[in-house]
Each structure stands twice: as structure tokens, then as C-alpha cells.
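K.L.:
Sharing a structure here in C-alpha cells format.
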There are 2 protein chains.
Amino acid sequence: MSAKKQNVFFISDSTGITIESLGQSLFTQFPDTEFVITVFPFVSDKQEALRVITHISGLANAGHRPPIVFTSLADEALKNLFLSHDIPILDIFSTFIPVLETCLAAKASHAVGETHGVGSPLKYVQRIEALDFTLNHDDGMKLNDLANADIVLTGVSRSGKTPTSLYLAMHYNLKIANYPLADADFESSILPQAISGVRNRLFGLTLAPRQLFKIRQERRPASRYASLEQCEYEVRRAESIFRAARLPFLNTTSISIEEIATTILQRLKLRARVSGQ
Amino acid sequence: MSAKKQNVFFISDSTGITIESLGQSLFTQFPDTEFVITVFPFVSDKQEALRVITHISGLANAGHRPPIVFTSLADEALKNLFLSHDIPILDIFSTFIPVLETCLAAKASHAVGETHGVGSPLKYVQRIEALDFTLNHDDGMKLNDLANADIVLTGVSRSGKTPTSLYLAMHYNLKIANYPLADADFESSILPQAISGVRNRLFGLTLAPRQLFKIRQERRPASRYASLEQCEYEVRRAESIFRAARLPFLNTTSISIEEIATTILQRLKLRARVSGQ
């Protein structure tokens, strides 16, 4: 069964990341439709808006289904340009700003493109510092410096530590270190000495041995490292270390990096925040 | 002048990342208000919803301004629970799903928590591979392998190459390499040999010498590397290499990583996409 195709446009005076993300979220509710997505970022003047309108009108006239057009435009005149060219829009601003104006008893500034602006210079520096720290403390590097980490992730090789670390640094300005559990650590069930001093910032990642096996086979087929036996052994030992130390830990087998990151923040009760994010 | 404080809650049956991002975007329009944000992710049953309702009602009864509550809940019964406890909600689903149902002539599935799910296993693997590639090709590593990169970023040290590379890999599943321009490259205005073979995938980053000076002073104060003179020299030489090779390039001085990434995708006409992102 082939899915119905539906053209969708996201038009923003900034990056368009927020409205595309919102749209993608809504589209998961319509699994039988294939959404063909075009993003037009940085549409901030009349000329650029007219170029987009010409593109969309061209498609509509070529006999396609009417497109769905999401916009996030602070400038009323630009929004009206779409309407005056018979393009119906779902505008995020028009939908929510009037409600917020009422709640806040304040007028919106209608400033353009603030969402993914650089924000305050301080926040920008914090973000870059978090990323630098995280890159420098990946995979057990710089273990003498863990006291400066906001979170220390641990788990077997390929349990999702690095992607999760980078996501948390990028989006929450957190300094993340990660420590891979390896053969020497599995000889007992106590926390490796290298990370026992940061017990309250530790979070464990685990996954189904079968999944680990598949991932490792991609990387080093036919190695001991990638054997099902080794994967089962490492996962079993890692989980018994987590349990013995009463570490919070999470099975990452079928969840996304975003879900892992959100769960860690929730369980450790940590929420750093990026202004303008 | 102290800003007005306003409590805001984001309540989601998934990570809450999308609605928080939408909210943050709207809040930039009200610069005189300080938004105090609480995110409740993974609210997917009645018990969890009641816990959140108790928390919010407690604040409201303690004499605070009425909170603003954004929800993204696929389950009608959970939404109604808020309303029956006199908590008005701005629900993303109720706002947009009926419109989309009409456009698509289809019913929403009302499946919970799909947005940041892992999506298809193939897409997940692509994401991890993109991140692995990008980490392994940071800062001029593995130059013999650039043919496999989707984009090769270049620029002077601390022009934003690494954060931008990681963002593009994480959010667009793109394999990014980056090559730092250094002293030997500045002796002529031709593209360094190491990257001349991937001319059509190259993108340059530059920034104001003053800004570079500030960033480098933080890292290695009082070094030649961080002197204003050296920063001015490197930026001038890098830009003349970009111009001579007619490379697309971008000044990153006062823009965010999201804006840099979006601009690169737009200029190189590249848009990979993550399902379930």
C-alpha cells in the first residue's frame, strides 16, 4: 500500500527549526500519509516571501493536492502577503500570541527571528564550554577532572554514552563526562575507582544484549568484542554493578537520544537551560 | 527594573522538547517577562497527570499569578483531567490536529509519544553513523576519507566548526568533516591540497577578528595564538582563500549554531532528514 503524498511547507523568519519540529510531531499522528517537506528559513522581507509564494503557487497549479503551509512570521504584512495570494497558512504566531497577550496583559514585540538567535553572549560561551568539556571527557578521557562534570554517564561500549553526552551538552549546556565499563571493571561488582568519587552524578546506560550484538557486529564483525556471548556477559556484569551501587540506570534499546536525555535530566532532577533555545 | 515573573508548565506524553521549543520561541516576543519554566515529560497515565495537577494547583493556590500551561497530549481523557481541575491548557494537539484532519481528510491516530521516538531502526543507525563519522573527522583528522563526507567545514581555529559539525550530524544525519586552516595554509591563497578535492562540499566559517581574539584569550591568554594581531592575520588570510576559491562562507560572529547550520544547508541545498525528529 503506497502512502498518500502531501506537500508541506515550513516558512519562518528565523531557522524554521521550531515549526518544523512541531509539524513533524503532528505528522506522526497520520502514519498513512507521506509528508513531503520543504523548509524556507530566513524569510524576512517581501521579496523573499514573494519568491516562496511563487514556488508554492506553481506547485498548486500543477495539479498537486493543496499544500499545507505552516508559518512562523512575526511581521503581519508578510503573513498577509500569503493570504492575499490565496495561500491559506497555519501561523504559529497568530494562533498563540493573542492568547499569551491576554494571559500576560502585555503586547508582543513582533521582533523577527529571535528564537534561535545567539541569545546572551554568556549563554553562548556556556554552550561552547559545555561542548568542549564533553568532547574532552568522552570515553574515559581526563578522569582526574570528573569533579567538574554535571553528569557522568557509564555503561558498556556502544550503549549510547557519546551521542547522549553530546545531546545534553548541545541542548542543555551541561558538562558531561562518560566512562566506558570494560573487562577490568567486570571482575567485581563494585563501582570502578575512577568514577566512585562522583557517585551522585553517575547515570548508567544499558541495552538488550541482542541489540548490542547487532551494533557491535556492524563495527567489528566476527570479533570477540562483537560476539553474542561477550555482549551478554558485559551487559549482565554492567547491570550488576549499577544495582550494587544503586545507580539510576536506563535501558536504551528502543528509545531515541532525545528520550534518553530527557529521562536522565528527569531522574537526576537536573535542568539547565539555554536562553534563546 | 525587575521583570515580571510568570510560571509556565510544559506537559507532554513524550519528551516535551517540541512544545518547550515552541513556547521558548513565543516567549522571545515578551522580553519584559521572566518565564519560570517547568517541564513534565512522559505524562502518559492518569496517576502521573494527577501528580502534575496537584503540583500546579498548589502553586496557583499559593497566590502566584495563574500559570500558563502548554500541553501536548494525544489522550483526550488526560487533557480533560486538567480542565476538570480548573486548569486552562493550551493544547498543541487540539489546536492543530482538527485542521490537519480536515486538510488530509483523515483521522489522527492519537498514538502517544511518537515525536521523539526512535523512529525507524535504519534512521537511528544513520544518526549514530553520522555522529561517529563526524567525531572521527573533527579538526582535520582522517583527511584521506573526505570523499565520504556530506559537508566539509573549514576555517581558522575557534570559528565554530566543531559545534556546527556536531549539530548537523545530530539533527540532519549528515556526515561532517572539518579542516582547520593553520599557518602553513596561509602562505598562499589557494585551497589547501588536503581539501581541494572536495571543493563542491566545502563551506567556510569566518568571524570578526575581535570576537576570535576574545574567544582565544579565554583559552590561551597571552599566547601568540590569541593575540589580536594573529587573529586579524588569520581571518584576513582565511577569507582571501575562501574568495579565491569562490567558496560559500559565513560570518558566525553573532549568530547561533542553529542559524549557522540552517544557513549551510540552505546554501549547499542539502536537507537530510531524521524521521521522528
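So you can find residues: chains in the C-alpha cells are A, B, ... in the order shown, residues in each start at 1, and ligands are numbered from 1 in order.
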Show me, as number ranges by chain, the residues that have an atom within 8 Å of stretch 88-99 of chain A when counting only C-alpha atoms, minus same-chain residues fewer than 5 positions from it.
P.N.:
A: 19, 68-74, 82-83, 108; B: 26
K.L.:
I need the chosen residues saved as a short mmCIF file (atom, residue, chain, number, x, y, z; two decimals), in the first residue's frame, with N, CA and C atoms.
P.N.:
data_model
loop_
_atom_site.label_atom_id
_atom_site.label_comp_id
_atom_site.auth_asym_id
_atom_site.auth_seq_id
_atom_site.Cartn_x
_atom_site.Cartn_y
_atom_site.Cartn_z
N ILE A 19 9.16 25.33 14.07
CA ILE A 19 7.89 24.93 13.43
C ILE A 19 8.03 23.60 12.72
N ILE A 68 0.00 22.07 2.58
CA ILE A 68 -0.19 22.58 3.94
C ILE A 68 0.96 23.52 4.23
N VAL A 69 0.65 24.74 4.65
CA VAL A 69 1.70 25.75 4.85
C VAL A 69 1.71 26.22 6.29
N PHE A 70 2.76 25.85 7.01
CA PHE A 70 2.96 26.36 8.36
C PHE A 70 3.87 27.59 8.30
N THR A 71 3.51 28.64 9.00
CA THR A 71 4.41 29.80 9.03
C THR A 71 4.68 30.21 10.48
N SER A 72 5.80 30.85 10.65
CA SER A 72 6.13 31.46 11.93
C SER A 72 6.75 32.80 11.59
N LEU A 73 5.88 33.77 11.37
CA LEU A 73 6.31 35.08 10.89
C LEU A 73 5.81 36.15 11.85
N ALA A 74 6.75 36.94 12.36
CA ALA A 74 6.36 37.98 13.31
C ALA A 74 5.73 39.18 12.59
N PHE A 82 0.80 36.16 1.99
CA PHE A 82 0.40 34.79 1.64
C PHE A 82 -1.11 34.71 1.45
N LEU A 83 -1.83 35.33 2.37
CA LEU A 83 -3.30 35.25 2.31
C LEU A 83 -3.82 35.94 1.06
N ALA A 108 2.93 41.69 22.39
CA ALA A 108 4.09 41.04 21.78
C ALA A 108 4.95 42.08 21.07
N LEU B 26 7.85 31.53 21.37
CA LEU B 26 6.82 32.54 21.60
C LEU B 26 7.25 33.54 22.68
#
K.L.:
Can you list, as a PyMOL selection string, every residue of stretch 24-250 of chain B that DSSP puts in helix (DSSP H, G or I)?
P.N.:
chain B and resi 24-27+46-61+76-84+92-104+121-136+138-140+143-148+161-172+183-187+193-196+199-201+209-219+228-244
K.L.:
Which of these residues is nearest to B:Ser14, using only C-alpha atoms: B:Ala105, B:Pro66, B:Phe40, B:Thr206?
P.N.:
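Residue with the minimum atom-to-atom distance to B:Ser14: B:Phe40.
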K.L.:
Using only C-alpha atoms, which of B:Asp32, B:Asp45, B:Asp86, B:Asp139 sits nearest chain A?
P.N.:
B:Asp32
K.L.:
Pick from B:Arg243, B:His55, B:Met141, B:Ala261: nearest to chain A, with only C-alpha atoms counted?
P.N.:
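With only C-alpha atoms as the atom set, the closest residue is B:Ala261.
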K.L.:
Identify which of the residues A:Gln29, A:Ser240, A:Ser188, A:Asn173 lies closest to B:Ser109, counting only C-alpha atoms when measuring atom-to-atom distances.
P.N.:
A:Gln29
K.L.:
Rounded to one decimal place, report the atom CA of B:Leu81-atom CA of B:Phe27 distance in Å.
P.N.:
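Value for the atom CA of B:Leu81-atom CA of B:Phe27 distance: 26.2 Å.
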K.L.:
Hey, what's within 8 Å of A:Val156 if we count only C-alpha atoms and toss same-chain stuff fewer than 5 positions away? As an mmCIF file with N, CA, C and O atoms, in the first residue's frame, please?
P.N.:
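Writing the result to around.cif gives the following:
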data_model
loop_
_atom_site.group_PDB
_atom_site.id
_atom_site.type_symbol
_atom_site.label_atom_id
_atom_site.label_comp_id
_atom_site.auth_asym_id
_atom_site.auth_seq_id
_atom_site.Cartn_x
_atom_site.Cartn_y
_atom_site.Cartn_z
ATOM 1 N N PRO A 180 33.531 4.316 29.925
ATOM 2 C CA PRO A 180 33.138 3.011 29.410
ATOM 3 C C PRO A 180 33.532 1.894 30.377
ATOM 4 O O PRO A 180 34.677 1.836 30.827
ATOM 5 N N LEU A 181 32.578 1.041 30.695
ATOM 6 C CA LEU A 181 32.895 -0.136 31.509
ATOM 7 C C LEU A 181 33.569 -1.168 30.616
ATOM 8 O O LEU A 181 33.097 -1.464 29.525
ATOM 9 N N ALA A 182 34.702 -1.709 31.087
ATOM 10 C CA ALA A 182 35.431 -2.680 30.268
ATOM 11 C C ALA A 182 35.901 -3.835 31.141
ATOM 12 O O ALA A 182 35.660 -3.855 32.363
ATOM 13 N N LEU A 205 23.832 3.540 31.526
ATOM 14 C CA LEU A 205 23.065 3.156 30.339
ATOM 15 C C LEU A 205 23.269 1.673 30.075
ATOM 16 O O LEU A 205 24.384 1.166 30.154
ATOM 17 N N THR A 206 22.169 0.982 29.762
ATOM 18 C CA THR A 206 22.306 -0.411 29.386
ATOM 19 C C THR A 206 21.414 -0.672 28.173
ATOM 20 O O THR A 206 20.720 0.235 27.704
ATOM 21 N N GLU A 234 28.895 -8.767 29.237
ATOM 22 C CA GLU A 234 29.143 -7.370 29.622
ATOM 23 C C GLU A 234 27.880 -6.692 30.168
ATOM 24 O O GLU A 234 27.937 -5.960 31.159
ATOM 25 N N VAL A 235 26.759 -6.933 29.492
ATOM 26 C CA VAL A 235 25.513 -6.311 29.949
ATOM 27 C C VAL A 235 25.144 -6.816 31.342
ATOM 28 O O VAL A 235 24.770 -6.039 32.229
ATOM 29 N N ALA A 238 27.593 -5.259 33.839
ATOM 30 C CA ALA A 238 27.346 -3.815 33.986
ATOM 31 C C ALA A 238 26.120 -3.582 34.860
ATOM 32 O O ALA A 238 26.142 -2.780 35.797
#
K.L.:
So what do you get for atom CA of A:Leu22 versus atom CA of B:Ile17, distance-wise?
P.N.:
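It comes out at 9.6 Å.
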K.L.:
Please provide the set of residues having any atom within 12 Å of A:Phe42, restricted to only C-alpha atoms, with same-chain residues fewer than 2 positions apart removed, written as a PyMOL selection string.
P.N.:
(chain A and resi 10-17+39-40+44-49+52+71-74+112-117) or (chain B and resi 259-260+262-263+266-267)
K.L.:
Create the file for the chosen residues now, containing C-alpha atoms and written as a PDB file, in the first residue's frame.
P.N.:
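Output file again-v5.pdb is given in full below:
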ATOM      1  CA  PHE A  10       7.508  25.489   6.741  1.00  0.00           C
ATOM      2  CA  ILE A  11       8.157  29.207   6.367  1.00  0.00           C
ATOM      3  CA  SER A  12       9.994  31.090   9.065  1.00  0.00           C
ATOM      4  CA  ASP A  13      11.727  34.433   9.521  1.00  0.00           C
ATOM      5  CA  SER A  14      14.312  32.508  11.558  1.00  0.00           C
ATOM      6  CA  THR A  15      15.685  28.965  11.154  1.00  0.00           C
ATOM      7  CA  GLY A  16      12.290  27.217  10.917  1.00  0.00           C
ATOM      8  CA  ILE A  17      13.586  24.534  13.304  1.00  0.00           C
ATOM      9  CA  VAL A  39      11.604  24.413   4.740  1.00  0.00           C
ATOM     10  CA  PHE A  40      12.118  28.063   3.787  1.00  0.00           C
ATOM     11  CA  SER A  44      12.150  38.226   6.449  1.00  0.00           C
ATOM     12  CA  ASP A  45      11.266  40.576   3.633  1.00  0.00           C
ATOM     13  CA  LYS A  46       8.647  40.996   0.925  1.00  0.00           C
ATOM     14  CA  GLN A  47      10.908  39.926  -1.924  1.00  0.00           C
ATOM     15  CA  GLU A  48      11.823  36.643  -0.259  1.00  0.00           C
ATOM     16  CA  ALA A  49       8.192  35.999   0.680  1.00  0.00           C
ATOM     17  CA  VAL A  52       8.288  31.448  -1.774  1.00  0.00           C
ATOM     18  CA  THR A  71       4.407  29.802   9.033  1.00  0.00           C
ATOM     19  CA  SER A  72       6.128  31.460  11.932  1.00  0.00           C
ATOM     20  CA  LEU A  73       6.313  35.084  10.886  1.00  0.00           C
ATOM     21  CA  ALA A  74       6.359  37.981  13.310  1.00  0.00           C
ATOM     22  CA  VAL A 112      11.742  38.995  13.932  1.00  0.00           C
ATOM     23  CA  GLY A 113      13.819  35.845  14.240  1.00  0.00           C
ATOM     24  CA  GLU A 114      14.587  35.796  17.935  1.00  0.00           C
ATOM     25  CA  THR A 115      14.068  32.092  18.516  1.00  0.00           C
ATOM     26  CA  HIS A 116      17.379  30.655  17.531  1.00  0.00           C
ATOM     27  CA  GLY A 117      19.368  33.839  17.870  1.00  0.00           C
TER      28      GLY A 117
ATOM     29  CA  GLU B 259      21.461  29.615  12.442  1.00  0.00           C
ATOM     30  CA  ILE B 260      24.865  28.582  11.109  1.00  0.00           C
ATOM     31  CA  THR B 262      20.445  26.228   8.733  1.00  0.00           C
ATOM     32  CA  THR B 263      22.359  28.657   6.536  1.00  0.00           C
ATOM     33  CA  GLN B 266      20.279  26.340   2.584  1.00  0.00           C
ATOM     34  CA  ARG B 267      23.363  27.468   0.671  1.00  0.00           C
TER      35      ARG B 267
END
K.L.:
Can you tell me how far atom CA of B:Ile195 sits from atom CA of B:Ala169, in Å to one decimal?
P.N.:
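Result for atom CA of B:Ile195 versus atom CA of B:Ala169: 19.6 Å, one decimal.
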K.L.:
With only C-alpha atoms as the counted atoms, please give the residues lying no more than 10 Å from A:Arg236, apart from itself and same-chain residues fewer than 5 positions off, as a ChimeraX atom specification.
P.N.:
/A:186,206,208-209,230-231,241
K.L.:
Could you check the closest approach to chain B for each of A:Tyr167, A:Phe9, A:Phe133, A:Tyr225 and tell me which residue wins, using only C-alpha atoms?
P.N.:
A:Tyr167
K.L.:
As an MDAnalysis selection string, please: every residue in stretch 8-44 of chain A that DSSP puts in strand (DSSP E).
P.N.:
chainID A and resid 8:12 33:40
K.L.:
When you look at B:Ser227 with a cut-off of 9 Å (counting only C-alpha atoms), what residues show up, excluding the ones that are within fewer than 6 positions of it in the same chain? I need them as a PyMOL selection string.
P.N.:
chain B and resi 213+216-217+221
K.L.:
If you keep C-alpha atoms, can you produce a file of those selected residues as an mmCIF file, in the first residue's frame?
P.N.:
data_model
loop_
_atom_site.group_PDB
_atom_site.id
_atom_site.type_symbol
_atom_site.label_atom_id
_atom_site.label_comp_id
_atom_site.auth_asym_id
_atom_site.auth_seq_id
_atom_site.Cartn_x
_atom_site.Cartn_y
_atom_site.Cartn_z
ATOM 1 C CA PHE B 213 40.563 37.371 19.948
ATOM 2 C CA ARG B 216 41.168 32.634 22.120
ATOM 3 C CA GLN B 217 42.135 34.809 25.103
ATOM 4 C CA PRO B 221 45.706 34.039 27.386
#
K.L.:
Under the rule that only C-alpha atoms are counted, which of B:Lys107, B:Lys214, B:Lys175, B:His137 is the nearest residue to chain A?
P.N.:
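Smallest distance to chain A is found for B:Lys107.
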